[in-house]
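**Student:** Could you have a look at this structure, given as structure tokens, before my questions?
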Amino acid sequence: MDLTYTVLIPLIPLFMFLFLGLNYKRIKEPLSGYIGTAGLLITALLSFYTAYRYFFDFGKVDEVYQKIYAFNTVWIHFTESLHIDMGVLLDPISAVMLIVVPLISLMVHFYSIGYMHKEPGFTRFYAYLSLFTFSMLGLVLATNLFQIYIFWELVGVSSYLLIGYYYEKPSAILAAKKAFIVTRFADFGFLLGILMISYYAQTFDFKILNDLDFINNLKMQTGIFMGLSVITVALVLIFIGGAGKSAMFPLHIWLPDAMEGPTPVSALIHAATMVVAGVYLVARLFPMFYFFDDGFALHVVAWTGAFTTFFAAIIAFTQYDIKRVLAFSTMSQIGYMMLALGVSGYGGHEGLGFMAGIFHLFTHAMFKALLFLGAGAIIHAVHSNYMQDMGGLRKYMPITHITFLIAALAISGIPPFAGFFSKDEILAAAFEHNFPVFVIGYIVAGMTAFYMFRLYFRIFWWNEPDYKHKPHEAPKTMTIPLLILAFMSIFSGFIPFSKLVSSDNVPFTAHINWTLAGLSIGIGVIGILAAMLFYKKEKDLSERFRYAFGDFYKWTYNKFYIDDIYFFVTKTIIFKYISSPFAWFDRHIVDGTMNGIGNGTVWISTKIKKLQSGRIHDYAMFFVSGVLIIILIVWFSINY
Amino acid sequence: MISGISIYEILTVSTIIFFIGIYGFVTRKNLIAMLMSVELILNSAALNFVIFNKYLFPNELGGAIFSIFIIAVAAAETALALAIIINLYRLIMSLKTDDLETMKY
């Protein structure tokens with residue numbers, strides 16, 4: 001069976017990027033939008049077809065999903081054992097990503113035709129979107145660690161370009177730089193991890209790295225570092241890279257600022273696809289995470305996820321910028337996925353957490369993209385990011401209102417919407433394996449419902465402010481993606497995910513634990529009712545609570561001053577006490593030596609250049625006197 | 001062998017000619033005069049060749065041939081130098097070396 005055509009899946013967006021990027025002056029709005037969307041439609045259809053065939057046609061051999069190299073070629077050949085490959089890997093999680101990434105990307109492409117209308121650099125925007133889609137597909141289809149690293153950096157670059165899309169705005173440039181530097185800093189850990197693993201394993205290849213016999217062999221051979229296997233240390237380092245991309249505490253500081261980018265970008269990159277790359281990475285190396293040192297690295301993942309999900313949920317309570325609320329909610333939900341992977345066991349029903357994490361990744365992509373696109377429609381209508389400028393919008397924007405409500409219900413875990421099923425599986429997995437983490441997850445489920453409905457009621461109910469222009473419903477290009485995503489948010493929960501994705505690639509059956517489900521629905525409903533009480537009508541109840549919490553509120557509103565701590569550490573400590581002495585040394589000692597040599601040469605030459613007077617007599621005199629001196633020397637040396 | 005005249009006297013003559021040439025070359029400001037001084041230096045060298053040939057190896061002709069060679073080279077060199085001088089004169093209407101300082105540092 002020939003699967004070489006799968007190469008086209010990432011290559012078509014790459015072609016679109018080059019085509020639109022090189023012709024950005026010739027192709028005008030809206031033609032570039034149509035071209036980009038058409039290209040992505042082809043990619044999406046190919047991806048869906050491939051994913052469908054993988055799951056229902058050729059993927060399963062003897063009831064086990066295989067890892068299939070649809071395409072693999074040596075990209076850089078160093079030696080027989082050391083070479084970097086490029087290829088297309090098909091397995092359950094990459095097939096799931098083959099549905100998520102092109103689908104969301106297609107929606108965003110389509111939506112942007114309306115949203116980016118009359119923006120300067122429309123074609124540039126589509127070129128960047130194509131570049132991002134190419135990089136993300138390359139990442140999810142990577143056959144080896146090095147390929148994933150290359151595309152990992154490429155998505156970082158596309159994210160940088162898209163956050164800084166409004167490059168005339170200083171805040172956007174700063175946000176882009178911040179995102180790039182923070183994730184790049186984390187990627188340094190990733191690179192170290194890759195080098196360590198490949199040094200011990202002698203391969204980059206995922207098929208080999210995830211092979212259980214191979215892992216058992218590797219366990220025998222590797223050294224010990226600080227009481228842990230070296231591979232565990234490497235895995236933790238790799239997780240640092242994943243934490244950077246997935247905005248896990250304490251590397252989350254770039255994500256809220258990344259909201260400076262256009263809203264469709266936030267929906268695509270900073271909600272649905274790129275930020276889950278860290279989750280994907282952990283899932284990709286899951287057997288290694290699980291089997292080394294009894295899953296020490298996996299515990300790190302679980303607790304980082306659990307802490308982040310709680311931390312971000314608290315901050316989301318107090319933010320007024322609707323995109324920032326969604327950004328913190330994204331952090332919180334990614335923390336949920338990490339937590340799910342972290343509490344997972346290996347094989348069969350034990351691996352429920354693994355399946356739940358990927359499931360939540362899938363459903364979250366749908367409803368979070370929907371929330372962001374809905375927020376984009378709202379911002380489009382009221383020309384503001386802030387809740388204070390909104391209220392009562394349900395009358396003006398019925399489609400946005402309904403779809404936003406569906407998404408909010410989905411993220412709050414209310415059946416039958418998608419979020420309920422995935423969240424329930426996560427809570428069930430946590431309940432079985434790690435009770436403290438379960439408690440955190442359970443509380444956060446209620447908090448999620450509260451802050452999502454705070455957002456919902458504050459935007460669509462509350463009291464109307466004085467609108468300068470009457471808000472209007474978004475154009476069709478924007479509402480159609482909303483409706484499609486709303487459809488997905490309702491029904492994607494019914495996909496029998498445990499039949500498709502599992503930690504050991506053997507399908508199993510997951511049941512809904514109705515006790516737990518009842519509890520989680522209960523806390524979700526409590527959260528929603530509380531939000532309704534606070535925010536449905538305009539009143540000062542929330543103000544009074546704010547004063548009651550006092551300093552804690554201030555802390556939360558300022559995101560626990562994490563940004564300021566970073567600022568203090570980098571500026572005051574590193575720049576002042578480490579970099580400045582180095583800079584002084586460089587400027588005065590290193591440069592001084594080199595400048596001294598140069599200046600000395602110049603000084604000497606100005607002194608002796610007078611010798612070259614241009615007068616023939618002088619030259620003749622020098623020549624003759626030189627000869628005479630030599631003669632004298634020779635004469636004396638012979639005679640005495 | 002020239003009777004009554006030893007090699008020392010003739011060498012003295014050639015040395016005097018040589019240093020007259022050097023002196024002229026260093027002190028004269030006119031290019032033609034300097035060229036003439038160079039000719040003096042060359043002639044003193046040619047004279048030395050002939051004398052040493054005559055007094056030390058009377059049966060051989062190497063020194064004499066070399067002096068003819070020097071005369072030929074001097075002729076060629078003079079022709080070349082005169083061509084340069086004429087061109088220079090056309091260019092700057094002067095033959096004073098003080099006017100030819102453009103090639104300094």
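In the structure tokens, the first chain shown is A, the next is B, and so on; residue numbers restart at 1 for each chain, and ligands run from 1 in the order shown.
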Within 8 Å of Val444 in chain A, counting only C-alpha atoms, which residues show up once you throw out same-chain ones fewer than 2 positions away? Write them as a PyMOL selection string, please.
**Tutor:** chain A and resi 309-310+313+440-442+446-448
**Student:** I'd like the neighbourhood of range 106-109 of chain A as a list in words, where a residue qualifies if any of its atoms comes within 7 Å (using only C-alpha atoms), though same-chain residues fewer than 3 positions away should be ignored.
**Tutor:**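 In the requested format, the answer is Thr37, Leu40, Leu41, Pro102, Leu103, Ser112, Ile113, Pro264, Leu268 and Pro481 of chain A.
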**Student:** Would you save the residues of that selection, restricted to N, CA and C atoms, as a PDB file, in the first residue's frame?
**Tutor:**
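Ended up saving to again.pdb:
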```pdb
ATOM      1  N   THR A  37      -7.016  29.400   1.764  1.00  0.00           N
ATOM      2  CA  THR A  37      -8.059  28.506   2.268  1.00  0.00           C
ATOM      3  C   THR A  37      -8.212  27.294   1.360  1.00  0.00           C
ATOM      4  N   LEU A  40      -5.442  24.895   1.954  1.00  0.00           N
ATOM      5  CA  LEU A  40      -5.602  24.187   3.210  1.00  0.00           C
ATOM      6  C   LEU A  40      -6.742  23.191   3.152  1.00  0.00           C
ATOM      7  N   LEU A  41      -7.749  23.493   2.342  1.00  0.00           N
ATOM      8  CA  LEU A  41      -8.858  22.555   2.197  1.00  0.00           C
ATOM      9  C   LEU A  41      -8.339  21.230   1.635  1.00  0.00           C
ATOM     10  N   PRO A 102      -5.425  20.296  10.879  1.00  0.00           N
ATOM     11  CA  PRO A 102      -5.987  20.870   9.650  1.00  0.00           C
ATOM     12  C   PRO A 102      -7.402  21.401   9.841  1.00  0.00           C
ATOM     13  N   LEU A 103      -8.188  20.755  10.710  1.00  0.00           N
ATOM     14  CA  LEU A 103      -9.565  21.219  10.889  1.00  0.00           C
ATOM     15  C   LEU A 103      -9.585  22.628  11.477  1.00  0.00           C
ATOM     16  N   SER A 112     -10.699  34.051   8.954  1.00  0.00           N
ATOM     17  CA  SER A 112      -9.860  35.245   8.818  1.00  0.00           C
ATOM     18  C   SER A 112     -10.205  36.056   7.581  1.00  0.00           C
ATOM     19  N   ILE A 113     -10.830  35.426   6.581  1.00  0.00           N
ATOM     20  CA  ILE A 113     -11.242  36.203   5.411  1.00  0.00           C
ATOM     21  C   ILE A 113     -12.149  37.332   5.866  1.00  0.00           C
ATOM     22  N   PRO A 264      -7.750  35.294  15.431  1.00  0.00           N
ATOM     23  CA  PRO A 264      -7.711  33.963  14.819  1.00  0.00           C
ATOM     24  C   PRO A 264      -6.397  33.239  15.110  1.00  0.00           C
ATOM     25  N   LEU A 268      -5.883  29.599  16.765  1.00  0.00           N
ATOM     26  CA  LEU A 268      -5.180  28.499  16.116  1.00  0.00           C
ATOM     27  C   LEU A 268      -3.959  28.077  16.919  1.00  0.00           C
ATOM     28  N   PRO A 481     -17.626  29.151  10.395  1.00  0.00           N
ATOM     29  CA  PRO A 481     -16.702  28.366  11.228  1.00  0.00           C
ATOM     30  C   PRO A 481     -17.199  28.207  12.653  1.00  0.00           C
TER      31      PRO A 481
END
```
**Student:** So which residues touch Ser67 in chain B within 7 Å, counting only C-alpha atoms, skipping near sequence neighbours fewer than 6 positions away, as a count of residues only?
**Tutor:** 3
**Student:** Write out as a Markdown table the residues of chain A that have any atom within 9 Å of an atom of chain B, one row each with the nearest atom pair and its distance in Å to one decimal, counting only C-alpha atoms, sorted by chain and then rising number.
**Tutor:**
```
| residue | atom | partner | partner_atom | distance |
| --- | --- | --- | --- | --- |
| A:Lys609 | CA | B:Tyr105 | CA | 6.3 |
| A:Lys610 | CA | B:Tyr105 | CA | 7.3 |
| A:Leu611 | CA | B:Tyr105 | CA | 8.5 |
| A:Gln612 | CA | B:Lys104 | CA | 5.6 |
| A:Ser613 | CA | B:Lys104 | CA | 5.0 |
| A:Gly614 | CA | B:Lys104 | CA | 4.1 |
| A:Arg615 | CA | B:Glu101 | CA | 5.9 |
| A:Ile616 | CA | B:Thr97 | CA | 7.1 |
| A:His617 | CA | B:Val26 | CA | 5.0 |
| A:Asp618 | CA | B:Val26 | CA | 7.8 |
| A:Ala620 | CA | B:Val26 | CA | 6.4 |
| A:Met621 | CA | B:Val26 | CA | 6.6 |
| A:Val624 | CA | B:Ile22 | CA | 8.1 |
```
**Student:** Set the distance at 10 Å and use only C-alpha atoms: which residues neighbour Leu82 in chain B once local chain neighbours fewer than 5 positions away are removed? I'd like the list as a PyMOL selection string.
**Tutor:** chain B and resi 31-32+35+76-77+87-88
**Student:** What gap, in Å, lies between CA of Ile163 in chain A and CA of Phe146 in chain A?
**Tutor:** 25.7 Å
**Student:** Where in range 26-93 of chain A does DSSP assign strand (DSSP E), given as a PyMOL selection string?
**Tutor:** chain A and resi 60-61+64-65+68-77+83-90
**Student:** Find the residues around Thr556 in chain A up to 9 Å (only C-alpha atoms counted), leave out those fewer than 6 positions away in its own chain, and share them as a ChimeraX atom specification.
**Tutor:** /A:314-319
**Student:** For Glu260 in chain A, list every protein, DNA or RNA residue within 12 Å, evaluated using only C-alpha atoms, and leave out those in the same chain fewer than 4 positions away; present the list as a PyMOL selection string.
**Tutor:** chain A and resi 159-179+254-256+264-266+270+321+323-324+327+385
**Student:** Restricting the output to C-alpha atoms, write the selected residues as a PDB file, in the first residue's frame.
**Tutor:**
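Generated output (selection_6.pdb):
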```pdb
ATOM      1  CA  SER A 159       4.190  31.956  16.460  1.00  0.00           C
ATOM      2  CA  TYR A 160       6.695  34.794  16.810  1.00  0.00           C
ATOM      3  CA  LEU A 161       5.795  36.158  13.390  1.00  0.00           C
ATOM      4  CA  LEU A 162       2.068  35.964  14.033  1.00  0.00           C
ATOM      5  CA  ILE A 163       2.134  37.468  17.538  1.00  0.00           C
ATOM      6  CA  GLY A 164       4.162  40.313  16.095  1.00  0.00           C
ATOM      7  CA  TYR A 165       1.807  40.643  13.152  1.00  0.00           C
ATOM      8  CA  TYR A 166       0.952  44.244  14.077  1.00  0.00           C
ATOM      9  CA  TYR A 167       4.614  45.102  14.031  1.00  0.00           C
ATOM     10  CA  GLU A 168       3.964  48.810  14.349  1.00  0.00           C
ATOM     11  CA  LYS A 169       2.568  48.294  17.848  1.00  0.00           C
ATOM     12  CA  PRO A 170       5.344  48.229  20.470  1.00  0.00           C
ATOM     13  CA  SER A 171       3.366  45.944  22.781  1.00  0.00           C
ATOM     14  CA  ALA A 172       2.985  43.367  19.986  1.00  0.00           C
ATOM     15  CA  ILE A 173       6.712  43.373  19.284  1.00  0.00           C
ATOM     16  CA  LEU A 174       7.504  42.972  22.955  1.00  0.00           C
ATOM     17  CA  ALA A 175       5.009  40.124  23.279  1.00  0.00           C
ATOM     18  CA  ALA A 176       6.470  38.386  20.224  1.00  0.00           C
ATOM     19  CA  LYS A 177       9.971  38.704  21.589  1.00  0.00           C
ATOM     20  CA  LYS A 178       8.887  37.489  24.991  1.00  0.00           C
ATOM     21  CA  ALA A 179       7.167  34.440  23.541  1.00  0.00           C
ATOM     22  CA  TRP A 254       4.545  34.425  27.427  1.00  0.00           C
ATOM     23  CA  LEU A 255       1.051  33.057  26.750  1.00  0.00           C
ATOM     24  CA  PRO A 256      -1.102  35.899  28.149  1.00  0.00           C
ATOM     25  CA  PRO A 264      -7.711  33.963  14.819  1.00  0.00           C
ATOM     26  CA  VAL A 265      -4.029  33.411  15.528  1.00  0.00           C
ATOM     27  CA  SER A 266      -4.777  33.083  19.210  1.00  0.00           C
ATOM     28  CA  HIS A 270      -2.303  29.760  21.359  1.00  0.00           C
ATOM     29  CA  ASP A 321      -9.369  41.345  29.028  1.00  0.00           C
ATOM     30  CA  LYS A 323      -8.714  37.162  25.503  1.00  0.00           C
ATOM     31  CA  ARG A 324      -6.566  36.948  28.601  1.00  0.00           C
ATOM     32  CA  ALA A 327      -5.512  32.470  27.627  1.00  0.00           C
ATOM     33  CA  ASN A 385     -10.915  43.604  24.419  1.00  0.00           C
TER      34      ASN A 385
END
```
